Amino acid sequence: MSLLELSSVTAAYEGLLALKGISLHANEGEITALLGANGAGKSTTLNVICGLVTAQSGRVCFAGEDITNIRADQVVGKGLTQVPEGRLLFGELTVQDNLLLGAYSRMSRRSRQQIQQDLEEVCELFPVLAEAAHRRADTLSGGQQQMLAIGRAMMSAPRMLLLDEPSVGLAPKAANEVFAKIKALCQRGTSILLVEQNVAAALKIADRGYVLEVGQIVLEGTAEELLANRDVQRAYLGKDYEEV
């Protein structure tokens, strides 16, 4: 079932038309990948969904409700939370405090007991965060910081998580661990829209995907279809991909 839908969305970023009438949907219980090179409009798409960039035209619907251009805090309240590129942690605060800040929007609506339970579940999924609970966030490795950023977003109890380049700046081993955690999150019931330049890794865990070029959707299909597509292979995977 479609959970998130964008219909003919246009948007400008820094005075330039960044999205040129894109339409896409992300299904509940799935990982949907949004792929493309730098400047294709991937991050702008996430920011339009989250209310950080204004859509000039078109509609964004979540769970059947029109959320086009509502405030970012209201989007989080609807069950959509973004993990931004670069993580944007509060480095001087502890790991635990960063996680609890993720639940800030819920403090008036949920009990302390429920938030504590969610904190325990996040730490169960990311054991390294439990081990480092009282360390400053800026003392963690890059991979650990990415897990903290994802864990913080999960503390808002999202129905769908929007991930912007989760592997950026990570060593291959750390990136693979992060992708495995993303897959586990989906299996636990959180739907995911994944923006990622590492196309091969993204499509290995995704169910479906879209390829975005200069603000337009140029390809869409299942992960298997996109991996087998010659244009995708030449542009993003390298000519020897099939031999790997």
# chains A, B, ... in the order shown; residues from 1 in each chain; ligands from 1
>>> residues_around(residues="A:Met1", least_positions_apart="5", cutoff="9 Å", atoms="only C-alpha atoms", output="PyMOL selection string")
chain A and resi 26-29
>>> residues_around(residues="A:Glu30", least_positions_apart="4", cutoff="9 Å", atoms="only C-alpha atoms", output="PyMOL selection string")
chain A and resi 26+186-187+189-193+206-208
>>> residues_around(residues="stretch 58-70 of chain A", least_positions_apart="4", cutoff="12 Å", atoms="only C-alpha atoms", output="PyMOL selection string")
chain A and resi 1-11+19-28+45-54+74-80+159-160+191
>>> closest_residue(among="A:Pro158, A:Gly102, A:Gly91, A:Gly151", to="A:Glu121", atoms="only C-alpha atoms")
A:Gly151
>>> residues_around(residues="stretch 35-44 of chain A", least_positions_apart="6", cutoff="9 Å", atoms="only C-alpha atoms", output="ChimeraX atom specification")
/A:11-13,18-19,52-53,84-85,164-165,194-199,202,209-216,236
>>> residues_around(residues="A:Lys181", least_positions_apart="5", cutoff="12 Å", atoms="only C-alpha atoms", output="list in words")
Val122, Glu124, Leu125, Phe126, Pro127, Gly143, Gln144, Gln146, Met147, Leu148, Ile150, Gly151, Pro166, Ser167, Ala174, Ala175, Asn176, Cys186, Gln187, Arg188, Thr190, Ile192 and Ile205 of chain A
>>> atom_distance(atom1="atom CA of A:Gly169", atom2="atom CA of A:Ala235")
21.1 Å
>>> closest_residue(among="A:Thr32, A:Ser156, A:Asn229, A:Ser141", to="A:Met107", atoms="only C-alpha atoms")
A:Ser156
